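Note: the block below is target.cif and it holds mmCIF, C-alpha atoms.
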data_structure
loop_
_atom_site.label_atom_id
_atom_site.label_comp_id
_atom_site.auth_asym_id
_atom_site.auth_seq_id
_atom_site.Cartn_x
_atom_site.Cartn_y
_atom_site.Cartn_z
CA MET O 153 0.00 0.00 0.00
CA ASP O 154 1.32 3.46 -0.88
CA LEU O 155 0.59 5.23 2.39
CA LYS O 156 1.39 8.68 1.04
CA ASN O 157 -0.88 8.51 -1.97
CA LEU O 158 -3.98 6.83 -0.61
CA ASP O 159 -7.41 8.00 -1.75
CA MET O 160 -8.03 10.30 1.20
CA GLU O 161 -11.76 10.44 0.50
CA ASN O 162 -12.01 6.78 1.52
CA ILE O 163 -9.17 6.22 3.95
CA ARG O 164 -6.83 8.49 5.87
CA PRO O 165 -3.80 6.68 7.28
CA THR O 166 -2.75 7.24 10.88
CA VAL O 167 0.68 8.16 12.21
CA LEU O 168 1.79 7.92 15.84
CA ILE O 169 4.60 10.30 16.87
CA THR O 170 6.35 10.24 20.24
CA GLY O 171 8.07 13.34 21.60
CA ALA O 172 5.69 15.33 19.45
CA THR O 173 5.26 18.72 21.17
CA SER O 174 8.48 20.41 20.02
CA GLY O 175 11.57 20.11 17.87
CA ILE O 176 11.85 17.36 15.27
CA GLY O 177 8.70 15.60 16.47
CA LEU O 178 6.55 18.71 16.03
CA GLU O 179 7.98 19.39 12.58
CA LEU O 180 7.25 15.81 11.55
CA ALA O 181 3.67 16.23 12.79
CA ARG O 182 3.30 19.28 10.56
CA LEU O 183 4.56 17.34 7.54
CA PHE O 184 2.17 14.46 8.14
CA ALA O 185 -0.67 16.92 8.74
CA LYS O 186 -0.07 18.56 5.37
CA ASP O 187 -0.49 15.16 3.77
CA ASN O 188 -3.80 14.74 5.60
CA TYR O 189 -2.81 11.99 8.02
CA LYS O 190 -4.69 11.31 11.19
CA ILE O 191 -2.18 12.10 13.92
CA LEU O 192 -1.61 10.57 17.34
CA LEU O 193 0.65 12.78 19.45
CA VAL O 194 2.49 11.26 22.41
CA ALA O 195 4.41 13.18 25.08
CA ARG O 196 4.58 13.54 28.87
CA ASN O 197 3.12 17.01 29.24
CA GLU O 198 -0.64 17.03 28.64
CA ARG O 199 -0.86 20.83 28.49
CA GLU O 200 1.80 21.00 25.77
CA LEU O 201 0.08 18.17 23.88
CA GLU O 202 -3.23 20.01 23.91
CA ALA O 203 -1.54 23.24 22.77
CA THR O 204 0.17 21.41 19.90
CA SER O 205 -3.07 19.73 18.92
CA ALA O 206 -4.91 23.05 18.95
CA THR O 207 -2.24 24.66 16.77
CA LEU O 208 -2.50 21.90 14.18
CA ARG O 209 -6.30 22.14 14.12
CA GLN O 210 -6.23 25.93 13.81
CA ASN O 211 -4.12 25.52 10.69
CA GLY O 212 -6.81 23.36 9.10
CA PHE O 213 -5.01 20.08 9.61
CA PRO O 214 -6.80 16.76 10.11
CA GLU O 215 -7.91 14.88 13.16
CA VAL O 216 -5.44 14.89 16.05
CA LYS O 217 -5.57 12.76 19.19
CA VAL O 218 -3.24 13.19 22.16
CA PHE O 219 -1.88 10.66 24.63
CA ALA O 220 -0.14 11.98 27.73
CA THR O 221 2.29 9.14 28.36
CA ASP O 222 5.58 9.12 30.25
CA LEU O 223 7.79 6.75 28.25
CA PHE O 224 10.46 7.03 30.94
CA GLU O 225 8.22 4.64 32.91
CA ARG O 226 8.75 0.90 32.50
CA ASP O 227 5.21 -0.16 31.51
CA ALA O 228 4.21 3.00 29.66
CA ALA O 229 4.86 1.67 26.15
CA ILE O 230 2.73 -1.43 26.53
CA GLU O 231 -0.03 0.58 28.21
CA LEU O 232 0.02 3.07 25.33
CA TYR O 233 -0.20 0.27 22.76
CA GLN O 234 -3.06 -1.38 24.65
CA GLU O 235 -4.95 1.92 24.88
CA ILE O 236 -4.61 2.65 21.17
CA SER O 237 -5.47 -0.93 20.17
CA GLY O 238 -8.44 -0.89 22.54
CA MET O 239 -9.78 2.16 20.70
CA GLY O 240 -9.67 0.24 17.43
CA ILE O 241 -7.08 2.58 15.91
CA GLN O 242 -4.80 1.18 13.22
CA VAL O 243 -1.34 2.78 13.24
CA ASP O 244 0.03 2.86 9.68
CA ILE O 245 3.22 4.76 10.50
CA LEU O 246 5.12 4.76 13.78
CA VAL O 247 7.62 7.52 14.58
CA ASN O 248 9.76 6.92 17.66
CA ASN O 249 11.19 10.39 18.15
CA ALA O 250 11.23 10.74 21.96
CA GLY O 251 14.75 10.67 23.36
CA GLN O 252 16.85 12.34 26.01
CA GLY O 253 20.41 12.62 27.34
CA ALA O 254 22.22 13.57 30.53
CA TYR O 255 25.29 15.77 30.46
CA GLY O 256 28.42 15.29 32.51
CA LYS O 257 31.07 12.77 33.43
CA PHE O 258 29.67 9.25 33.79
CA ILE O 259 30.87 8.80 37.39
CA ASP O 260 29.19 12.05 38.42
CA ILE O 261 25.72 11.54 36.90
CA ASP O 262 23.03 9.96 39.07
CA LEU O 263 22.48 6.32 38.10
CA ALA O 264 18.69 6.67 38.22
CA ASP O 265 18.84 9.43 35.61
CA GLU O 266 20.89 7.31 33.22
CA LEU O 267 18.72 4.23 33.69
CA SER O 268 15.70 6.40 32.87
CA ILE O 269 17.42 7.51 29.67
CA ILE O 270 18.05 3.89 28.73
CA GLN O 271 14.38 3.16 29.41
CA LEU O 272 13.21 5.99 27.16
CA ASN O 273 15.78 5.78 24.37
CA ILE O 274 15.95 2.00 24.12
CA SER O 275 13.33 0.01 26.05
CA SER O 276 10.27 2.09 25.16
CA LEU O 277 11.40 2.44 21.55
CA VAL O 278 11.95 -1.31 21.20
CA SER O 279 8.61 -2.07 22.85
CA LEU O 280 6.57 0.23 20.63
CA THR O 281 8.41 -0.98 17.56
CA LYS O 282 7.71 -4.62 18.42
CA PHE O 283 4.00 -4.11 19.15
CA PHE O 284 3.21 -2.04 16.08
CA ALA O 285 5.59 -3.89 13.72
CA ARG O 286 3.78 -7.15 14.47
CA ASP O 287 0.47 -5.55 13.52
CA MET O 288 1.97 -4.04 10.37
CA VAL O 289 3.50 -7.33 9.23
CA ALA O 290 0.18 -9.10 9.82
CA ARG O 291 -1.50 -6.54 7.52
CA GLY O 292 1.34 -6.57 4.99
CA ASN O 293 2.09 -2.83 5.10
CA GLY O 294 3.45 -0.10 7.34
CA ARG O 295 6.38 2.21 7.94
CA ILE O 296 8.51 2.95 10.99
CA LEU O 297 10.84 5.91 11.54
CA ASN O 298 13.13 5.55 14.54
CA VAL O 299 15.20 8.62 15.38
CA ALA O 300 18.79 7.66 16.10
CA SER O 301 21.62 10.22 15.88
CA ILE O 302 25.09 10.67 14.44
CA ALA O 303 25.98 10.46 18.15
CA GLY O 304 25.45 6.74 17.74
CA LYS O 305 28.29 6.58 15.22
CA THR O 306 30.97 7.80 17.64
CA PRO O 307 31.83 7.39 21.35
CA GLY O 308 30.73 10.50 23.27
CA PRO O 309 32.54 11.64 26.41
CA TRP O 310 30.31 13.92 28.53
CA GLN O 311 27.30 11.98 27.16
CA ALA O 312 28.58 8.41 27.29
CA VAL O 313 25.22 6.76 27.96
CA TYR O 314 23.29 8.84 25.41
CA HIS O 315 25.77 8.03 22.64
CA GLY O 316 25.60 4.37 23.63
CA THR O 317 21.80 4.32 23.42
CA LYS O 318 21.82 5.88 19.98
CA ALA O 319 24.41 3.36 18.77
CA PHE O 320 21.95 0.67 19.85
CA VAL O 321 19.00 2.37 18.15
CA HIS O 322 20.75 2.71 14.80
CA SER O 323 22.07 -0.86 14.80
CA PHE O 324 18.63 -2.13 15.81
CA ASN O 325 16.94 -0.13 13.06
CA VAL O 326 19.13 -1.40 10.25
CA ALA O 327 18.96 -5.01 11.45
CA LEU O 328 15.18 -4.92 11.78
CA ASN O 329 14.73 -3.36 8.36
CA ASN O 330 16.72 -6.25 6.93
CA GLU O 331 14.58 -8.83 8.78
CA LEU O 332 11.39 -7.26 7.46
CA LYS O 333 12.31 -7.28 3.78
CA GLY O 334 9.44 -8.68 1.74
CA THR O 335 6.81 -8.06 4.44
CA GLY O 336 5.62 -4.68 3.15
CA VAL O 337 7.01 -2.99 6.28
CA THR O 338 10.08 -0.73 6.30
CA VAL O 339 12.18 0.69 9.14
CA THR O 340 14.08 3.92 8.57
CA SER O 341 16.88 5.16 10.82
CA LEU O 342 17.14 8.97 11.02
CA LEU O 343 20.55 10.28 12.09
CA PRO O 344 20.50 14.01 12.84
CA GLY O 345 23.42 15.95 14.24
CA ALA O 346 23.20 18.70 16.85
CA THR O 347 19.80 20.32 16.26
CA ASP O 348 18.17 23.48 17.62
CA THR O 349 15.68 21.84 19.99
CA ASP O 350 15.12 21.76 23.75
CA PHE O 351 17.26 18.61 23.98
CA PHE O 352 20.25 20.54 25.26
CA HIS O 353 18.22 22.30 27.93
CA LYS O 354 16.68 19.05 29.15
CA ALA O 355 20.09 17.37 29.16
CA GLY O 356 21.61 20.29 31.10
CA MET O 357 24.28 20.92 28.49
CA GLU O 358 23.75 24.55 27.48
CA SER O 359 27.35 25.25 28.55
CA SER O 360 28.90 22.68 26.20
CA LYS O 361 31.06 23.85 23.31
CA VAL O 362 28.77 22.26 20.75
CA VAL O 363 25.95 24.54 21.95
CA VAL O 364 27.93 27.68 22.78
CA GLU O 365 30.15 27.66 19.70
CA GLY O 366 28.53 25.22 17.29
CA GLU O 367 26.01 25.63 14.48
CA LEU O 368 22.77 23.86 15.25
CA ALA O 369 20.57 22.40 12.52
CA ASN O 370 17.01 23.56 11.87
CA PRO O 371 14.59 20.89 13.16
CA ALA O 372 12.31 21.48 10.16
CA ASP O 373 15.16 20.51 7.82
CA VAL O 374 15.92 17.39 9.85
CA ALA O 375 12.25 16.40 9.88
CA LYS O 376 11.99 16.80 6.10
CA ASP O 377 15.04 14.59 5.57
CA GLY O 378 13.52 11.92 7.81
CA TYR O 379 10.07 12.23 6.24
CA ASP O 380 11.38 11.87 2.69
CA ALA O 381 13.55 8.87 3.61
CA LEU O 382 10.64 7.21 5.43
CA MET O 383 8.31 7.62 2.48
CA ALA O 384 10.97 6.30 0.10
CA GLY O 385 11.43 3.22 2.30
CA LYS O 386 15.13 3.89 2.87
CA ASP O 387 16.93 2.06 5.65
CA MET O 388 18.71 5.18 6.91
CA VAL O 389 19.39 8.84 6.31
CA VAL O 390 22.06 11.12 7.78
CA SER O 391 20.59 14.62 7.93
CA GLY O 392 22.81 17.44 6.72
CA PHE O 393 25.83 17.53 4.39
CA LYS O 394 28.33 18.28 7.16
CA ASN O 395 27.01 15.38 9.21
CA LYS O 396 27.33 13.06 6.21
CA LEU O 397 31.00 14.06 5.93
CA ASN O 398 31.55 13.53 9.66
CA VAL O 399 30.03 10.06 9.53
CA ALA O 400 32.11 9.16 6.47
CA MET O 401 35.28 10.34 8.19
CA GLY O 402 34.32 8.45 11.33
CA ASN O 403 34.13 5.21 9.36
CA VAL O 404 37.89 5.37 8.79
CA THR O 405 38.91 6.94 12.13
CA PRO O 406 39.79 4.83 15.20
CA ASP O 407 37.17 4.95 17.95
CA SER O 408 39.71 6.28 20.46
CA ALA O 409 40.54 9.21 18.18
CA GLN O 410 36.84 9.92 17.63
CA ALA O 411 36.29 9.91 21.39
CA SER O 412 39.07 12.45 21.87
CA MET O 413 37.60 14.74 19.22
CA MET O 414 34.11 14.41 20.69
CA GLU O 415 35.41 15.19 24.18
CA LYS O 416 36.72 18.52 22.90
CA GLN O 417 33.39 19.32 21.24
CA GLN O 418 31.18 18.39 24.19
CA ARG O 419 33.19 19.63 27.16
CA PRO O 420 31.98 22.87 28.79
CA ALA O 421 33.08 25.88 26.77
CA ASP O 422 35.12 27.21 29.69
CA HIS O 423 36.58 23.82 30.62
CA LYS O 424 40.34 23.43 30.88
CA ARG O 425 41.66 19.88 30.67
#
Hey, can you dump this file as structure tokens for me?
Amino acid sequence: MDLKNLDMENIRPTVLITGATSGIGLELARLFAKDNYKILLVARNERELEATSATLRQNGFPEVKVFATDLFERDAAIELYQEISGMGIQVDILVNNAGQGAYGKFIDIDLADELSIIQLNISSLVSLTKFFARDMVARGNGRILNVASIAGKTPGPWQAVYHGTKAFVHSFNVALNNELKGTGVTVTSLLPGATDTDFFHKAGMESSKVVVEGELANPADVAKDGYDALMAGKDMVVSGFKNKLNVAMGNVTPDSAQASMMEKQQRPADHKR
């Protein structure tokens, strides 16, 4: 089934987007809305969800439903799936965009914070992917966009756990896409670089060199790259020409050297080592 070019008079496909109230998730919602998808928005903050939903409706976009769900919690993903399935909603496209990091040296960061990040970035993503992918394969069609990061292509001092989770997500995405060949279901891995979202504020890394001195990508551009790759059924896309070069260089650079370069980029701007 061509999900982008369905006869919208008879059927409007549904997309579920996590982390949908700002940044890349919000920009993806706008792209799907323009193509007349029914949209399920998932985030923790109910007030922000309602505001996002209202904004989409005011702009003449299609039906929007919101689900205030904290995917940092262990059982949240399965409860979300059960709620949506119980409503008889068929999810044609799944976008796992929600993700978070914690900034600082590994030995200094609270363990509970990092385990929560692993829960959100890995466990909830894997759970939602499994539940909805099974349904999609049973129907013979569907698309999944899982947001990884170029951070997953290099070790990341000052964000060791975050980089590790994104390495998992990208590897998982590409492997799963291979497993699903011939089923009518595709999995696309989106690898953005540093992007102008509230990620850095939530991670507590506004003082890092990458934020203070770096050039952050426009989330609308990143979303468009991901959207186009998803609709084309590609297994992955690195967003941004500079990021493509960095990934290519990283493929021939020892991990230890990459870690040293990343440490210089992510350390506090006023840090002296």
- Note on the structure: Counting all atoms listed in the file, closest pick from O:Leu208, O:Ile261, O:Val389, O:Ala409 relative to O:Lys186 is O:Leu208
- Would you work out the distance separating atom CA of O:Asn325 from atom CA of O:Glu235, expressed in Å to one decimal?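 Value for the atom CA of O:Asn325-atom CA of O:Glu235 distance: 25.0 Å.
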- Which one of O:Ala229, O:Asp265, O:Met388, O:Ile296 sits closest to O:Lys354 if you count only C-alpha atoms? O:Asp265
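Compared by their closest atoms to O:Arg286, and using all atoms listed in the file, the residues O:Val326, O:Gln418, O:Leu272, O:Tyr233 rank with O:Tyr233 nearest.
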- Task: Convert the output of the PyMOL selection byres ((chain O and resi 370) around 12) on the shown file into explicit residues, formatted as a PyMOL selection string.
- Result: chain O and resi 175-176+179+344-349+367-369+371-377+391-392
